[in-house]
Amino acid sequence: MTYALQVRNVSHSFGDREVLRDVSFQAKTGSITALLGPSGEGKTTLLRIIAGFERPRQGVVSVNDRVVSSPDTFVPPQHRGIGIVTQEGALFPHLTVGQNIAFGLADRRSANSRRRVAEVLDMVDLAGTESHHPSELSGGMQQRVALARALAPEPELVLLDEPFSALDASLRESVRDHVVSVLRQAGETVLWVTHDQDEALSTADDVAVLLKGTIDQVGPPLDIYKHPTSLAIATFVGDAVVCDVVVAANETEADSALGILKLVNPIRAGHARAIIRPEQFDVSEVSQDGCHGVVTQSRYFGHDGLISVRMATGEDITVRLHARRLPDVGASVGISVHGPCTAFTA
Amino acid sequence: MMTTKRAPRAQVVPAVIVAGASLSPIAYLVVQSTSRGVRPFVDEIIQQRTAELLTRSLLLCASVTVAAVIIGVFAAWVTTLAGLRGKVAWTVLFSMPLAIPSYISAFTWVSWMPSLSGFAGAFIVLTFACFPYVMLPVMAVFSRIDPSHEEVAMSLGRSPLITFFVVTLPQARRATLSGALLVALYVLGDFGAVAVMRHEVFTWVIYGAYRSGFNPTRAASLSLVLLVLALALTAAESQARGKQDKGVSPVRTLLRSGQSLAKVRALAAAVSTVIIIPSVGVPVISVVSWLQRESTRRVDTSDVVSSAMTSFGIGVAAALFCLLAALPVALMSVRHPSRLSRMLSAATYVTHSLPALVIGISVVYLGIRAVTPLYQELPMLVFAHVILFIPAMVTTLETAIEKSPVRLEEISASLGSSSVATFIRVTLPLALPGLLAGSALTMLAAVKELPASLLLLPTGWDTLSTDVWRFAAVSDYAAVAPPAITIIVLAAVPTAILGALSSIKFKSDS
Amino acid sequence: MHRTRTWKLGLLTSLIAAVAACGGSTAAPDSTATAGTTAPSGGEITLYSGRSEELIADLLTDFTATTGIKVNARYGDSGETAALLLTEGSNSPADVFLSQDAGALGAVRESFSTLPDTTLDKVDANYRDAEGKWTGVSGRVRVIVYNPNVVNSPPSSIDELLDPKWSGQVGFPPTNASWQSFVTGLRVLRGEDGAKKWLTAFAANKPVAYEKNSAVRDAVNSGEVALGLVNHYYLYEKIAAEGADAVKAKNQYLGGGDPGGLVNVAGVGILKNANNSSAAQVFVDYLLSTEGQAYFSDKTFEYLLVKGETQAADLPALSDLGAPAIDLSDLKSIEITQELLQQVGLLTK
């Protein structure tokens, strides 16, 4: 396994405010890694450090085993060979589409360069738009041109900084799918900054979760979802009900308001907190020995729905159900949990 | 997120030199005013007559500013929201006063109404000369205002007139204030109009102390008072303006129905005409009519041509060097904001409020002592012009450089361009329109400029403005006409283009 | 002169081109003053002239033709030029200062070198500096110009002007330097209070303000006003231009030391730090020579100040005028005069 991007022990601060704290992770060559985290917790700063727009206070960044940033070396952005696509596209407004894409090519007026421009435009399905001005294009088209511009000089790494968040919801998905397929076809190594979990979970090969200035877990989306390494990651990635439990002496079961829960990994006996995903809940008729509650809210999404239930013990939980089985608001329902849960020592 | 990189030395060193040079007139003033010690300086200032002078100056300043704001806001409304036909033409006409130096329009008023003088004369000339400084920024806001605000107000039962005052106008508050500040500073620093109208305000008294009192110490002391006054006005404006521009929504596609009542449109056109007659009509018609007058001298075309060439050459040099001097300061303040860069930018701005006459005198004083061989040579005049016009240039450049977001420069770097290449390929082309407009305005200002030219022109040289002054001083208006017309025409072309462009630009933006 | 200008503008343009090309920054020096042009054999002087180009250029041309000395003339108003000299200090490029008015000469007298006796002796001691720092070259007398069709017996003193019968009948040029010199003379002769008293009464008699002396003269000539306060030569200018028959107005000279009959002079001094003081001395002597004096007499109708030169126009002799005795250097306090005029409402309305 080779890694196109390696980040080791990077820390950074603006004035007194620490933004990144000892961040380490790597991105596999030819894969798409999502850098997922809430807004304002350092994602963009990390991206800017990788691109070379910012010099970190500490740590090492290597691209294809070449150190581009360390306490002793600093390769300026123009010599890193890293392509970047930003939120708003940032096309040069004074240049045509063709000139924008050719911007990073060595000999911009050569036939080679014209060929390359046509080639990448074709990749993003915008063939023949060379002479247009950015202002004549829709937002989605501008983003594709921005991608083509980043790809044209055949970068070693492509950075996407929330590239679709400025687009309308209706447009976002189709542009995203298109971009992803282009990137996969080109075999690019991609680091994709996003705060949108659905986007990250559904498209990335790996997800790196950046919380409070540091990365605690990197892995395939399913791993992150199923086996979060901290309560914070668990609640940030995907919906979850957190409930207080008491872990039994056998360390594999826990007692909760929702009955006995099986644990994915054994943890020390005693007080702990378990997370239950909405799809783990089963709703049934109220039974005497089971847990039950009253439906307080019901949201319908077509294929499935979410209901909120106030338990007899006073807790509120969210349950994901198939659309056919949504109970009415006010109905009393029995609740049970299937499958094991992840718990963390309190 | 702002980059925290420190400014490169290649920017800091020239910026510090430029800021130091811009402050040199103040150094002169301090040295000169305290040349006999601090006590005489204080005595010179703390006098009954200084208080009277202050009152007179502030009165003129306040009345012209208020009148210019009223006319300027009205003109901005006419050229954007009133739904009049020929918006571009109206904008061009309303911008024209910028092309007419205040001393020329003052001469035209005096030749037309010899009894006009003092406060009334200065008030009329300055008001009609200055209102475009309010009109232009307010126009920019009016043309971007979201009509839905007005529609909401009207749906809530407000009349269109009330809606204008409670909804539309408040959104242009900052633009109006900054225009008003420009007018106030212009009035404080103007020499031409008050000299012709013989109105005893600061510049005229400073000139009197210098020219008739042979008392440079008094002239310098009063200049410092004027400087403090101007700085106070600037501070008051920025206080009043507040930190954030509220209300103006982002630019969206606005389709104005443009269906104000025919009666309103007719009234707007009539009032506009009433404004344009004194501000453009009187000066232009008078100057042209002077051609018919008897002259005591033979007006030689080749003299006018040679003066025009000198004016033009000096204007181009002033614009170019002003641009080069302003560039490091503006780049630093936009790209590397820090306490130092703010101080440097402010330093270039301080002298903005000093009359050209004072800057001319200080350049004479310092120049002849520091670089004797260059005294009364073109570079020294150009240097004075750079100090005079750098504030406007720095402001224009800062706006222009902001047009090119840091983001784009980073993208350019990520695509392999060095910082120099990025400047040439990205920053410069994006800043170019602002840069050219700034240079054109500086050139205009240098062509119109009078007092520093009188003091610093090489012996035996004339510019259009010194010709006008010389002939007007002996009331030979027939001889004044050709150079005056040439200045107005030279200045009118870029002014017209500027006016037309801003009108068209606002239209397409909206 | 024009060749120099083209040359310098060319230099400036190529400088701009050079700077634009290499992206350099601050101004490179222009080469020194007049090095590129050919200087005539007689050397050259820099003249700061308070007298305007049209009233002196012909004389300068004649001077250069006669002596071979080139004159670089910088024109300005006398007061401004004196102030400029004071600001420039000892580095001033000026060799000679020619002033319209004695007050401005008085202001810079410390910067002048003392003129040689051979020069000074040509001029009556009343019309030069007491210590020989400057000398007058031509004189002018304040008069009352009147229209005989309207006035039978014109006033013979400024105090008669205060008579209510002249209310609204006296023209004067409020911004003119000669009028202001007269007021300065009035202050010197009668003291501040005496001057203020006269001016207040004068203002109360509703005098009519005109833009300049010639306008006052024309108003008197046309009968618009009966009297006017001007210099003597404006009448002769008009006679020279239109012929004696066409001009009705006449000059009334005020004798007996009346302040209204002040004789002021245009004069000249050589700067201590002159680069070319010998050529400057040649220039001063030329102004006092027969040719130089003839120019002032024939072209500008002024009084000649050199003993023994004969006046062209039929002016009353200078020595017969009974002009007030005054040290002309005392006329330099013009700013105080202007403030006084402002106070009594005679400068602006």
# chains A, B, ... in the order shown; residues from 1 in each chain; ligands from 1
>>> residues_around(residues="stretch 167-179 of chain C", least_positions_apart="2", cutoff="8 Å", atoms="only C-alpha atoms", output="PyMOL selection string")
chain C and resi 101+161-165+181-183+205-213+216+219-220+225-231+346-347
>>> select_by_dssp(residues="stretch 93-278 of chain A", states="helix (DSSP H, G or I)", output="short mmCIF file (atom, residue, chain, number, x, y, z; two decimals) with N, CA and C atoms, in the first residue's frame")
data_model
loop_
_atom_site.label_atom_id
_atom_site.label_comp_id
_atom_site.auth_asym_id
_atom_site.auth_seq_id
_atom_site.Cartn_x
_atom_site.Cartn_y
_atom_site.Cartn_z
N VAL A 97 -12.96 30.04 -20.23
CA VAL A 97 -12.88 28.68 -19.71
C VAL A 97 -11.58 28.03 -20.15
N GLY A 98 -11.28 28.15 -21.44
CA GLY A 98 -10.06 27.54 -21.98
C GLY A 98 -8.82 28.09 -21.30
N GLN A 99 -8.78 29.42 -21.14
CA GLN A 99 -7.61 30.05 -20.51
C GLN A 99 -7.50 29.67 -19.05
N ASN A 100 -8.64 29.53 -18.39
CA ASN A 100 -8.63 29.09 -17.00
C ASN A 100 -7.99 27.72 -16.89
N ILE A 101 -8.40 26.81 -17.78
CA ILE A 101 -7.92 25.44 -17.67
C ILE A 101 -6.44 25.37 -18.05
N ALA A 102 -6.06 26.18 -19.04
CA ALA A 102 -4.67 26.15 -19.49
C ALA A 102 -3.74 26.86 -18.52
N ALA A 111 0.04 23.30 -29.15
CA ALA A 111 -1.02 22.39 -29.56
C ALA A 111 -1.29 21.37 -28.46
N ASN A 112 -0.22 20.94 -27.81
CA ASN A 112 -0.35 19.98 -26.70
C ASN A 112 -1.30 20.50 -25.65
N SER A 113 -1.06 21.75 -25.36
CA SER A 113 -1.84 22.35 -24.30
C SER A 113 -3.30 22.47 -24.71
N ARG A 114 -3.52 22.82 -25.98
CA ARG A 114 -4.91 22.90 -26.45
C ARG A 114 -5.57 21.53 -26.38
N ARG A 115 -4.78 20.51 -26.71
CA ARG A 115 -5.32 19.16 -26.67
C ARG A 115 -5.70 18.79 -25.23
N ARG A 116 -4.80 19.12 -24.31
CA ARG A 116 -5.05 18.77 -22.92
C ARG A 116 -6.31 19.49 -22.40
N VAL A 117 -6.47 20.74 -22.79
CA VAL A 117 -7.65 21.50 -22.35
C VAL A 117 -8.91 20.81 -22.86
N ALA A 118 -8.90 20.42 -24.15
CA ALA A 118 -10.07 19.77 -24.73
C ALA A 118 -10.34 18.46 -24.00
N GLU A 119 -9.24 17.75 -23.69
CA GLU A 119 -9.36 16.45 -23.05
C GLU A 119 -10.04 16.57 -21.68
N VAL A 120 -9.54 17.47 -20.86
CA VAL A 120 -10.15 17.55 -19.52
C VAL A 120 -11.55 18.14 -19.58
N LEU A 121 -11.78 19.05 -20.54
CA LEU A 121 -13.15 19.57 -20.69
C LEU A 121 -14.09 18.45 -21.06
N ASP A 122 -13.59 17.56 -21.89
CA ASP A 122 -14.39 16.42 -22.30
C ASP A 122 -14.68 15.53 -21.09
N MET A 123 -13.65 15.34 -20.26
CA MET A 123 -13.83 14.53 -19.05
C MET A 123 -14.97 15.05 -18.19
N PRO A 134 -16.51 32.52 -17.59
CA PRO A 134 -17.08 31.87 -16.41
C PRO A 134 -18.47 32.40 -16.07
N SER A 135 -18.67 33.71 -16.24
CA SER A 135 -19.96 34.27 -15.85
C SER A 135 -21.11 33.73 -16.69
N GLU A 136 -20.79 33.13 -17.84
CA GLU A 136 -21.87 32.59 -18.68
C GLU A 136 -22.28 31.18 -18.25
N GLY A 139 -23.63 27.45 -11.89
CA GLY A 139 -22.76 27.10 -10.77
C GLY A 139 -22.16 25.71 -10.91
N GLY A 140 -22.98 24.76 -11.32
CA GLY A 140 -22.49 23.39 -11.45
C GLY A 140 -21.42 23.29 -12.53
N MET A 141 -21.66 24.00 -13.63
CA MET A 141 -20.68 23.98 -14.71
C MET A 141 -19.38 24.63 -14.26
N GLN A 142 -19.50 25.72 -13.51
CA GLN A 142 -18.29 26.38 -13.02
C GLN A 142 -17.47 25.43 -12.17
N GLN A 143 -18.14 24.65 -11.33
CA GLN A 143 -17.41 23.71 -10.48
C GLN A 143 -16.69 22.66 -11.33
N ARG A 144 -17.35 22.23 -12.41
CA ARG A 144 -16.71 21.22 -13.26
C ARG A 144 -15.50 21.83 -13.98
N VAL A 145 -15.63 23.12 -14.37
CA VAL A 145 -14.47 23.77 -14.99
C VAL A 145 -13.34 23.88 -13.96
N ALA A 146 -13.70 24.22 -12.74
CA ALA A 146 -12.67 24.33 -11.70
C ALA A 146 -11.96 22.99 -11.52
N LEU A 147 -12.74 21.89 -11.58
CA LEU A 147 -12.13 20.57 -11.47
C LEU A 147 -11.21 20.31 -12.65
N ALA A 148 -11.70 20.63 -13.86
CA ALA A 148 -10.89 20.43 -15.05
C ALA A 148 -9.59 21.22 -14.95
N ARG A 149 -9.68 22.44 -14.42
CA ARG A 149 -8.49 23.27 -14.29
C ARG A 149 -7.50 22.62 -13.32
N ALA A 150 -8.03 22.05 -12.24
CA ALA A 150 -7.15 21.42 -11.26
C ALA A 150 -6.51 20.16 -11.84
N LEU A 151 -7.26 19.45 -12.68
CA LEU A 151 -6.75 18.18 -13.21
C LEU A 151 -5.78 18.38 -14.36
N ALA A 169 -29.46 22.11 -3.67
CA ALA A 169 -29.55 20.70 -3.28
C ALA A 169 -29.85 19.79 -4.47
N SER A 170 -30.73 20.28 -5.35
CA SER A 170 -31.13 19.46 -6.49
C SER A 170 -29.94 19.18 -7.40
N LEU A 171 -29.06 20.18 -7.51
CA LEU A 171 -27.93 20.08 -8.42
C LEU A 171 -26.79 19.31 -7.78
N ARG A 172 -26.71 19.41 -6.45
CA ARG A 172 -25.52 18.97 -5.74
C ARG A 172 -25.19 17.51 -6.01
N GLU A 173 -26.25 16.70 -5.90
CA GLU A 173 -26.01 15.27 -5.99
C GLU A 173 -25.49 14.85 -7.36
N SER A 174 -26.11 15.42 -8.41
CA SER A 174 -25.71 15.00 -9.76
C SER A 174 -24.29 15.50 -10.06
N VAL A 175 -23.98 16.75 -9.65
CA VAL A 175 -22.63 17.25 -9.90
C VAL A 175 -21.62 16.42 -9.12
N ARG A 176 -21.98 16.07 -7.89
CA ARG A 176 -21.06 15.30 -7.06
C ARG A 176 -20.76 13.95 -7.69
N ASP A 177 -21.84 13.26 -8.11
CA ASP A 177 -21.64 11.94 -8.71
C ASP A 177 -20.76 12.04 -9.94
N HIS A 178 -21.02 13.08 -10.73
CA HIS A 178 -20.24 13.28 -11.94
C HIS A 178 -18.76 13.49 -11.59
N VAL A 179 -18.52 14.38 -10.65
CA VAL A 179 -17.15 14.69 -10.27
C VAL A 179 -16.44 13.45 -9.74
N VAL A 180 -17.15 12.70 -8.90
CA VAL A 180 -16.53 11.51 -8.33
C VAL A 180 -16.15 10.53 -9.43
N SER A 181 -17.04 10.35 -10.39
CA SER A 181 -16.72 9.37 -11.43
C SER A 181 -15.54 9.85 -12.26
N VAL A 182 -15.46 11.17 -12.50
CA VAL A 182 -14.32 11.70 -13.24
C VAL A 182 -13.03 11.43 -12.47
N LEU A 183 -13.09 11.71 -11.16
CA LEU A 183 -11.88 11.54 -10.34
C LEU A 183 -11.45 10.08 -10.29
N ARG A 184 -12.44 9.19 -10.19
CA ARG A 184 -12.11 7.77 -10.12
C ARG A 184 -11.51 7.29 -11.43
N GLN A 185 -12.12 7.78 -12.53
CA GLN A 185 -11.59 7.39 -13.83
C GLN A 185 -10.16 7.84 -14.01
N ALA A 186 -9.90 9.07 -13.53
CA ALA A 186 -8.56 9.61 -13.69
C ALA A 186 -7.59 8.97 -12.70
N GLN A 197 -22.02 14.55 6.27
CA GLN A 197 -21.71 13.12 6.50
C GLN A 197 -22.23 12.23 5.40
N ASP A 198 -23.44 12.54 4.91
CA ASP A 198 -24.01 11.68 3.87
C ASP A 198 -23.06 11.64 2.69
N GLU A 199 -22.56 12.86 2.31
CA GLU A 199 -21.64 12.96 1.20
C GLU A 199 -20.40 12.11 1.47
N ALA A 200 -19.85 12.27 2.67
CA ALA A 200 -18.62 11.56 3.01
C ALA A 200 -18.84 10.05 3.05
N LEU A 201 -19.89 9.65 3.72
CA LEU A 201 -20.13 8.20 3.90
C LEU A 201 -20.45 7.53 2.59
N SER A 202 -21.16 8.24 1.70
CA SER A 202 -21.62 7.57 0.48
C SER A 202 -20.57 7.59 -0.62
N THR A 203 -19.62 8.52 -0.62
CA THR A 203 -18.72 8.58 -1.76
C THR A 203 -17.26 8.26 -1.45
N PRO A 221 -15.92 4.07 5.51
CA PRO A 221 -17.12 4.65 6.10
C PRO A 221 -17.86 3.70 7.03
N LEU A 222 -18.00 2.47 6.61
CA LEU A 222 -18.78 1.53 7.41
C LEU A 222 -18.13 1.28 8.77
N ASP A 223 -16.79 1.18 8.76
CA ASP A 223 -16.04 1.00 10.00
C ASP A 223 -16.30 2.14 10.96
N ILE A 224 -16.22 3.34 10.40
CA ILE A 224 -16.40 4.52 11.25
C ILE A 224 -17.80 4.50 11.86
N TYR A 225 -18.77 4.11 11.05
CA TYR A 225 -20.15 4.14 11.49
C TYR A 225 -20.39 3.04 12.52
N LYS A 226 -19.84 1.88 12.21
CA LYS A 226 -20.14 0.74 13.08
C LYS A 226 -19.23 0.69 14.29
N LEU A 231 -17.02 8.35 21.79
CA LEU A 231 -18.41 8.76 21.85
C LEU A 231 -18.64 9.96 20.93
N ALA A 232 -17.66 10.87 20.89
CA ALA A 232 -17.79 12.07 20.07
C ALA A 232 -17.92 11.69 18.60
N ILE A 233 -17.07 10.76 18.15
CA ILE A 233 -17.16 10.34 16.75
C ILE A 233 -18.48 9.63 16.51
N ALA A 234 -18.85 8.80 17.45
CA ALA A 234 -20.10 8.06 17.30
C ALA A 234 -21.28 8.98 17.13
N THR A 235 -21.34 10.04 17.91
CA THR A 235 -22.50 10.92 17.81
C THR A 235 -22.38 11.88 16.63
N PHE A 236 -21.14 12.17 16.20
CA PHE A 236 -20.99 13.07 15.07
C PHE A 236 -21.32 12.37 13.76
N PRO A 278 -30.55 4.53 15.00
CA PRO A 278 -32.02 4.51 14.84
C PRO A 278 -32.52 3.23 14.20
#
>>> select_by_dssp(residues="stretch 40-289 of chain C", states="strand (DSSP E)", output="PyMOL selection string")
chain C and resi 44-49+70-75+96-99+135-146+170-172+208-209+227-231+250-253+263-270
>>> write_last_selection(atoms="C-alpha atoms", output="compact mmCIF listing (two decimals), in the first residue's frame")
# COMPACT_ATOMS: atom_id res chain seq x y z
CA GLU C 44 22.84 83.99 -17.81
CA ILE C 45 20.86 85.17 -14.83
CA THR C 46 17.75 83.92 -13.12
CA LEU C 47 15.27 86.72 -12.58
CA TYR C 48 12.32 86.43 -10.23
CA SER C 49 9.90 88.97 -11.63
CA LYS C 70 20.36 85.32 -21.16
CA VAL C 71 17.53 85.86 -18.67
CA ASN C 72 15.58 82.98 -17.14
CA ALA C 73 12.54 84.78 -15.87
CA ARG C 74 10.16 83.30 -13.31
CA TYR C 75 6.98 85.36 -13.17
CA VAL C 96 17.79 89.20 -9.13
CA PHE C 97 14.36 90.11 -7.77
CA LEU C 98 12.38 92.67 -9.69
CA SER C 99 9.33 93.73 -7.71
CA THR C 135 16.74 100.55 -5.64
CA GLY C 136 13.61 101.75 -7.38
CA VAL C 137 13.65 101.66 -11.18
CA SER C 138 10.31 103.30 -11.99
CA GLY C 139 7.67 105.17 -10.04
CA ARG C 140 3.92 105.51 -9.98
CA VAL C 141 1.70 108.01 -8.24
CA ARG C 142 -1.70 107.45 -6.70
CA VAL C 143 -4.20 109.91 -8.17
CA ILE C 144 -7.88 110.62 -8.21
CA VAL C 145 -9.09 110.07 -11.74
CA TYR C 146 -12.18 112.19 -12.42
CA VAL C 170 -16.03 106.83 -5.87
CA GLY C 171 -14.69 103.77 -7.65
CA PHE C 172 -11.86 101.66 -6.18
CA VAL C 208 -18.09 101.25 -5.71
CA ALA C 209 -15.79 98.23 -6.03
CA LEU C 227 -14.14 109.72 -9.15
CA GLY C 228 -11.74 106.83 -8.95
CA LEU C 229 -8.69 105.88 -6.88
CA VAL C 230 -6.02 104.53 -9.25
CA ASN C 231 -2.40 104.87 -10.35
CA LYS C 250 -8.39 113.47 -16.14
CA ASN C 251 -5.95 112.86 -13.28
CA GLN C 252 -6.08 114.91 -10.09
CA TYR C 253 -2.69 114.82 -8.31
CA VAL C 263 4.60 107.49 -4.79
CA ASN C 264 5.36 103.78 -4.89
CA VAL C 265 8.13 102.24 -6.94
CA ALA C 266 8.96 99.13 -8.85
CA GLY C 267 12.44 98.16 -7.79
CA VAL C 268 15.20 95.64 -7.95
CA GLY C 269 17.72 93.95 -5.70
CA ILE C 270 20.52 91.43 -6.15
>>> atom_distance(atom1="atom CA of C:Asp258", atom2="atom CA of C:Leu318")
14.5 Å
>>> atom_distance(atom1="atom CA of A:Ser336", atom2="atom CA of A:Ala248")
19.0 Å
>>> interface_residues(of="chain A", to="chain B", cutoff="10 Å", atoms="only C-alpha atoms", output="PyMOL selection string")
chain A and resi 14-15+44-45+48+51-55+76-86+88-95+100-106+146+149-153+155
>>> residues_around(residues="B:Ser212", least_positions_apart="3", cutoff="6 Å", atoms="only C-alpha atoms", output="PyMOL selection string")
(chain B and resi 208-209) or (chain C and resi 79+334-335)
>>> write_last_selection(atoms="N, CA, C and O atoms", output="CSV table (one decimal), in the first residue's frame")
chain,number,residue,atom,x,y,z
B,208,GLY,N,-2.5,84.4,2.8
B,208,GLY,CA,-2.3,85.8,3.2
B,208,GLY,C,-1.1,85.9,4.1
B,208,GLY,O,-0.2,86.7,3.9
B,209,ALA,N,-1.0,85.0,5.1
B,209,ALA,CA,0.2,85.0,6.0
B,209,ALA,C,1.5,84.8,5.3
B,209,ALA,O,2.5,85.3,5.6
C,79,GLY,N,4.3,89.8,-4.1
C,79,GLY,CA,4.3,89.3,-2.8
C,79,GLY,C,4.6,87.8,-2.8
C,79,GLY,O,5.4,87.3,-2.0
C,334,ILE,N,1.6,94.2,4.5
C,334,ILE,CA,0.3,94.1,3.7
C,334,ILE,C,-0.7,93.2,4.4
C,334,ILE,O,-1.9,93.5,4.2
C,335,GLU,N,-0.3,92.2,5.1
C,335,GLU,CA,-1.3,91.3,5.7
C,335,GLU,C,-2.1,92.1,6.7
C,335,GLU,O,-3.3,91.9,6.8
>>> residues_around(residues="stretch 193-204 of chain C", least_positions_apart="4", cutoff="6 Å", atoms="only C-alpha atoms", output="list of chain:residue names")
C:Leu162, C:Leu186, C:Arg187, C:Val344
>>> residues_around(residues="stretch 44-50 of chain B", least_positions_apart="2", cutoff="9 Å", atoms="only C-alpha atoms", output="ChimeraX atom specification")
/B:39-42,52-55,217-218,221-222,225
>>> closest_residue(among="B:Val18, B:Ala235, B:Ala473, B:Val134", to="C:Ser52", atoms="only C-alpha atoms")
B:Ala473
>>> atom_distance(atom1="atom CA of A:Arg8", atom2="atom CA of A:Gln26")
8.4 Å
>>> residues_around(residues="stretch 378-394 of chain B", least_positions_apart="4", cutoff="8 Å", atoms="only C-alpha atoms", output="count of residues only")
40
>>> residues_around(residues="B:Pro283", least_positions_apart="2", cutoff="10 Å", atoms="only C-alpha atoms", output="ChimeraX atom specification")
/B:97,100-102,104-109,112,125,277-281,285-289,484-485,488
>>> closest_residue(among="B:Val183, B:Ile497, B:Ile368, B:Leu84", to="B:Val264", atoms="only C-alpha atoms")
B:Leu84
